[in-house]
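A.B. asks: There's a structure below that I have some questions on.
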Amino acid sequence: MSSYGMWLSASGMKVHDLRQTLLANNMANAHTTGFKHDMAVVTHRSVEAKSAADGFSYGHPILDQLAGGHNVLPSFTDFSQGPIEHTGKALDVAIKGDGFLAVSDGDVTRYTRDGQFAVNAAGELVLSAGDGRWRVLDDGGSRIVLEETGGEVNIAANGTIRQGRTPVAVLGLTLPADKQSLSKVGGNLFDAGDVAVRPVNGLFEPKAREQSNFDVMQGLASVIEATRAYRLNATMVQLQDQMTGQAVQTVGRMVA
């Protein structure tokens with residue numbers, strides 16, 4: 001029974017180690033524009049007699065009624081809307097509702113909720129983050145180029161970009177068939193892989209940015225809870241290991 005208990009405690013350590021890793025990343029990005037936080041997904045594991053395929057002959061009337069520990073599944077990303085903060089900057093825009101901006105470095109296309117832009121030396125609209133590497137794409141999938149002498153830049157609520165009174169481009173918004181299929185690739189960007197991505201109509205909040213949707217205070221409480229749970233499970237593993245060692249020594253003395 002001690003080895004069974006050790007297995008349960010070890011699976012608990014695995015779960016809370018993952019939780020701490022995800023929470024640490026969420027905390028590090030608590031002030032990242034448009035960041036979407038991740039959550040651990042955990043399921044109960046059935047005992048072998050119940051989860052194994054047909055033909056498993058061993059069973060135990062007591063052990064088969066116990067839990068089999070936990071399994072960790074791929075993490076879940078919460079894509080809910082983050083709070084919108086007004087910045088007053090002409091090249092800042094927040095997405096209201098569903099949708100992702102498409103950006104490209106010339107080789108690959110990525111997707112983001114970060115709407116804080118800048119203009120590079122070539123006049124291209126780029127993400128402020130990422131050293132200006134990622135060029136923002138319009139609703140036709142083309143890069144957006146601004147004229148040096150074209151006048152003041154304004155972004156309307158429908159995504160239309162104007163210099164002075166002249167329309168230059170319209171920001172493109174896209175949405176994958178399944179948002180959970182998006183994978184994080186660093187730099188606050190998502191890769192859609194082979195998943196179909198379609199254009200969508202959306203609304204923007206000009207001169208604003210979408211904040212991270214991670215609740216820092218709740219996150220701090222979760223970090224403390226996960227750390228304590230991990231330590232408790234680690235202590236249980238040590239205690240059960242000691243019990244096993246004592247049992248082996250006792251049996252050895254009895255046999256001798």
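Residue numbers start at 1 in each chain; chains themselves are named A, B, ... in the order of the structure tokens; ligands are numbered from 1 in the order shown.
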What lies within 10 Å of Gly5 in chain A using only C-alpha atoms, ignoring chain neighbours under 6 positions off, as a list in words?

C.D. replies: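 Answer for this query is Ser11, Gly68, Gly69, Met236, Val237, Gln240 and Asp241 of chain A.
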
A.B. asks: So that I can see what lies close to Asp178 in chain A, please list as an mmCIF file with N, CA and C atoms, in the first residue's frame the residues with an atom at most 9 Å from it, counting only C-alpha atoms and leaving out residues fewer than 5 positions away in the same chain.

C.D. replies:
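So the final result, stored in part_26.cif, reads:
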```cif
data_model
loop_
_atom_site.group_PDB
_atom_site.id
_atom_site.type_symbol
_atom_site.label_atom_id
_atom_site.label_comp_id
_atom_site.auth_asym_id
_atom_site.auth_seq_id
_atom_site.Cartn_x
_atom_site.Cartn_y
_atom_site.Cartn_z
ATOM 1 N N VAL A 195 -4.360 24.536 -39.287
ATOM 2 C CA VAL A 195 -5.765 24.858 -39.018
ATOM 3 C C VAL A 195 -6.228 25.999 -39.927
ATOM 4 N N ALA A 196 -7.420 25.858 -40.478
ATOM 5 C CA ALA A 196 -7.970 26.892 -41.364
ATOM 6 C C ALA A 196 -8.221 28.185 -40.586
ATOM 7 N N VAL A 197 -7.856 29.301 -41.191
ATOM 8 C CA VAL A 197 -8.050 30.619 -40.594
ATOM 9 C C VAL A 197 -8.867 31.464 -41.561
#
```

A.B. asks: Which is closest to Thr77 in chain A among A:Ala30, A:Val41, A:Ile161, A:Val126, if we use only C-alpha atoms?

C.D. replies: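 With only C-alpha atoms as the atom set, the closest residue is A:Val41.
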
A.B. asks: What lies within 10 Å of Val168 in chain A using only C-alpha atoms, ignoring chain neighbours under 6 positions off, as a VMD selection string?

C.D. replies: chain A and resid 138 144 to 147 150 153 160 to 162

A.B. asks: Expressed in Å to a single decimal, how great is the separation between CA of Pro199 in chain A and CA of Asn154 in chain A?

C.D. replies: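 Interatomic distance here is 22.2 Å.
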
A.B. asks: So that I can check the secondary structure, give me every residue of range 37-174 of chain A assigned strand (DSSP E) by backbone DSSP, as a ChimeraX atom specification.

C.D. replies: /A:38-44,70-77,84-86,93-96,100-104,109-112,117-119,125-127,135-136,153-155,160-163,166-170,173-174

A.B. asks: Let's have the selection written as a PDB file, in the first residue's frame, with C-alpha atoms.

C.D. replies:
```
ATOM      1  CA  ASP A  38      -2.745  29.295 -19.662  1.00  0.00           C
ATOM      2  CA  MET A  39      -4.346  26.872 -17.233  1.00  0.00           C
ATOM      3  CA  ALA A  40      -3.436  23.301 -16.322  1.00  0.00           C
ATOM      4  CA  VAL A  41      -5.885  20.582 -17.352  1.00  0.00           C
ATOM      5  CA  VAL A  42      -5.946  17.574 -15.038  1.00  0.00           C
ATOM      6  CA  THR A  43      -8.026  14.398 -15.155  1.00  0.00           C
ATOM      7  CA  HIS A  44      -8.486  11.508 -12.764  1.00  0.00           C
ATOM      8  CA  HIS A  70      -3.984  12.096 -11.970  1.00  0.00           C
ATOM      9  CA  ASN A  71      -3.125  12.569 -15.622  1.00  0.00           C
ATOM     10  CA  VAL A  72      -1.937  15.904 -17.004  1.00  0.00           C
ATOM     11  CA  LEU A  73      -3.401  16.941 -20.364  1.00  0.00           C
ATOM     12  CA  PRO A  74      -2.217  19.726 -22.717  1.00  0.00           C
ATOM     13  CA  SER A  75      -2.754  23.154 -21.141  1.00  0.00           C
ATOM     14  CA  PHE A  76      -5.823  25.256 -21.921  1.00  0.00           C
ATOM     15  CA  THR A  77      -5.468  28.864 -23.082  1.00  0.00           C
ATOM     16  CA  ILE A  84      -8.854  47.792 -22.354  1.00  0.00           C
ATOM     17  CA  GLU A  85      -6.556  50.631 -21.341  1.00  0.00           C
ATOM     18  CA  HIS A  86      -6.556  53.935 -23.214  1.00  0.00           C
ATOM     19  CA  VAL A  93      -5.365  49.821 -31.136  1.00  0.00           C
ATOM     20  CA  ALA A  94      -7.188  47.222 -29.042  1.00  0.00           C
ATOM     21  CA  ILE A  95      -9.275  44.411 -30.501  1.00  0.00           C
ATOM     22  CA  LYS A  96     -12.803  44.276 -29.093  1.00  0.00           C
ATOM     23  CA  PHE A 100      -6.371  38.093 -34.196  1.00  0.00           C
ATOM     24  CA  LEU A 101      -4.105  40.405 -36.128  1.00  0.00           C
ATOM     25  CA  ALA A 102      -1.964  38.683 -38.741  1.00  0.00           C
ATOM     26  CA  VAL A 103       1.722  39.608 -38.846  1.00  0.00           C
ATOM     27  CA  SER A 104       4.578  38.368 -41.011  1.00  0.00           C
ATOM     28  CA  THR A 109       2.677  34.380 -40.695  1.00  0.00           C
ATOM     29  CA  ARG A 110       1.788  34.529 -37.037  1.00  0.00           C
ATOM     30  CA  TYR A 111      -1.225  35.813 -35.100  1.00  0.00           C
ATOM     31  CA  THR A 112      -1.458  38.134 -32.124  1.00  0.00           C
ATOM     32  CA  PHE A 117       2.359  49.422 -33.562  1.00  0.00           C
ATOM     33  CA  ALA A 118       5.320  51.409 -34.816  1.00  0.00           C
ATOM     34  CA  VAL A 119       6.637  52.427 -38.251  1.00  0.00           C
ATOM     35  CA  LEU A 125       3.556  49.244 -39.968  1.00  0.00           C
ATOM     36  CA  VAL A 126       5.124  46.781 -37.518  1.00  0.00           C
ATOM     37  CA  LEU A 127       4.621  45.495 -34.012  1.00  0.00           C
ATOM     38  CA  ARG A 135       5.021  43.504 -40.230  1.00  0.00           C
ATOM     39  CA  VAL A 136       1.277  44.037 -39.723  1.00  0.00           C
ATOM     40  CA  VAL A 153      -1.972  58.508 -38.885  1.00  0.00           C
ATOM     41  CA  ASN A 154      -5.367  57.584 -37.444  1.00  0.00           C
ATOM     42  CA  ILE A 155      -6.958  54.159 -36.962  1.00  0.00           C
ATOM     43  CA  THR A 160      -9.399  51.704 -41.451  1.00  0.00           C
ATOM     44  CA  ILE A 161      -5.994  53.385 -41.360  1.00  0.00           C
ATOM     45  CA  ARG A 162      -5.822  56.945 -42.663  1.00  0.00           C
ATOM     46  CA  GLN A 163      -3.031  59.407 -43.178  1.00  0.00           C
ATOM     47  CA  THR A 166      -6.550  59.488 -47.199  1.00  0.00           C
ATOM     48  CA  PRO A 167      -7.416  55.830 -46.488  1.00  0.00           C
ATOM     49  CA  VAL A 168      -4.260  53.724 -46.643  1.00  0.00           C
ATOM     50  CA  ALA A 169      -5.357  50.232 -45.590  1.00  0.00           C
ATOM     51  CA  VAL A 170      -7.744  48.265 -43.394  1.00  0.00           C
ATOM     52  CA  LEU A 173      -8.783  40.348 -38.422  1.00  0.00           C
ATOM     53  CA  THR A 174      -8.720  36.564 -38.630  1.00  0.00           C
TER      54      THR A 174
END
```

A.B. asks: Report, in Å to a single decimal, how far apart CA of Gly115 in chain A and CA of Gly132 in chain A are.

C.D. replies: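 Going from CA of Gly132 in chain A over to CA of Gly115 in chain A covers 13.1 Å.
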
A.B. asks: As a list in words, please: every residue in range 6-151 of chain A that DSSP puts in alpha helix (DSSP H).

C.D. replies: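 Answer for range 6-151 of chain A restricted to alpha helix (DSSP H) is Met6, Trp7, Leu8, Ser9, Ala10, Ser11, Gly12, Met13, Lys14, Val15, His16, Asp17, Leu18, Arg19, Gln20, Thr21, Leu22, Leu23, Ala24, Asn25, Asn26, Met27, Ala28, Glu48, Ala49, Lys50 and Ser51 of chain A.
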
A.B. asks: Looking at only C-alpha atoms, which of A:Leu189, A:Ala122, A:Leu8, A:Ala156 is the one that sits closest to Thr32 in chain A?

C.D. replies: A:Leu189

A.B. asks: Please list as a list in words every residue within 9 Å of Arg19 in chain A, counting only C-alpha atoms and excluding residues in the same chain fewer than 5 positions away.

C.D. replies: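 Once the adjacent positions are removed, what remains is Lys14, Ala24, Met39, Ala40, Ser222, Val223, Ala226 and Thr227 of chain A.
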
A.B. asks: Restricting it to C-alpha atoms, dump the selection as a JSON list (two decimals), in the first residue's frame.

C.D. replies:
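Okay, result_35.json is ready:
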```
[["chain", "number", "residue", "atom", "x", "y", "z"],
["A", 14, "LYS", "CA", 3.61, 16.27, -11.31],
["A", 24, "ALA", "CA", 5.11, 31.57, -13.38],
["A", 39, "MET", "CA", -4.35, 26.87, -17.23],
["A", 40, "ALA", "CA", -3.44, 23.30, -16.32],
["A", 222, "SER", "CA", -2.83, 30.05, -6.83],
["A", 223, "VAL", "CA", 0.98, 30.10, -6.73],
["A", 226, "ALA", "CA", 0.24, 25.04, -5.76],
["A", 227, "THR", "CA", 3.58, 25.43, -3.95]]
```

A.B. asks: A:Glu205, A:Asp139, A:Asp17, A:Asp191: which is nearest Asp92 in chain A, counting only C-alpha atoms?

C.D. replies: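 Counting only C-alpha atoms, the residue closest to Asp92 in chain A is A:Glu205.
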
A.B. asks: Between A:Ser128, A:Val200, A:Gln249, A:Leu91, which residue has the minimum interatomic distance to Gly140 in chain A, considering only C-alpha atoms?

C.D. replies: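 Of all the options, A:Val200 lies closest to Gly140 in chain A.
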
A.B. asks: Can you measure CA of Glu210 in chain A to CA of Gln116 in chain A for me? One decimal in Å is fine.

C.D. replies: 9.2 Å

A.B. asks: Point out the residue among A:Gly12, A:Gly141, A:Gly123, A:Gly34 with the least atom-to-atom distance to Gly187 in chain A, counting only C-alpha atoms.

C.D. replies: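 Closest to Gly187 in chain A of all the choices is A:Gly34.
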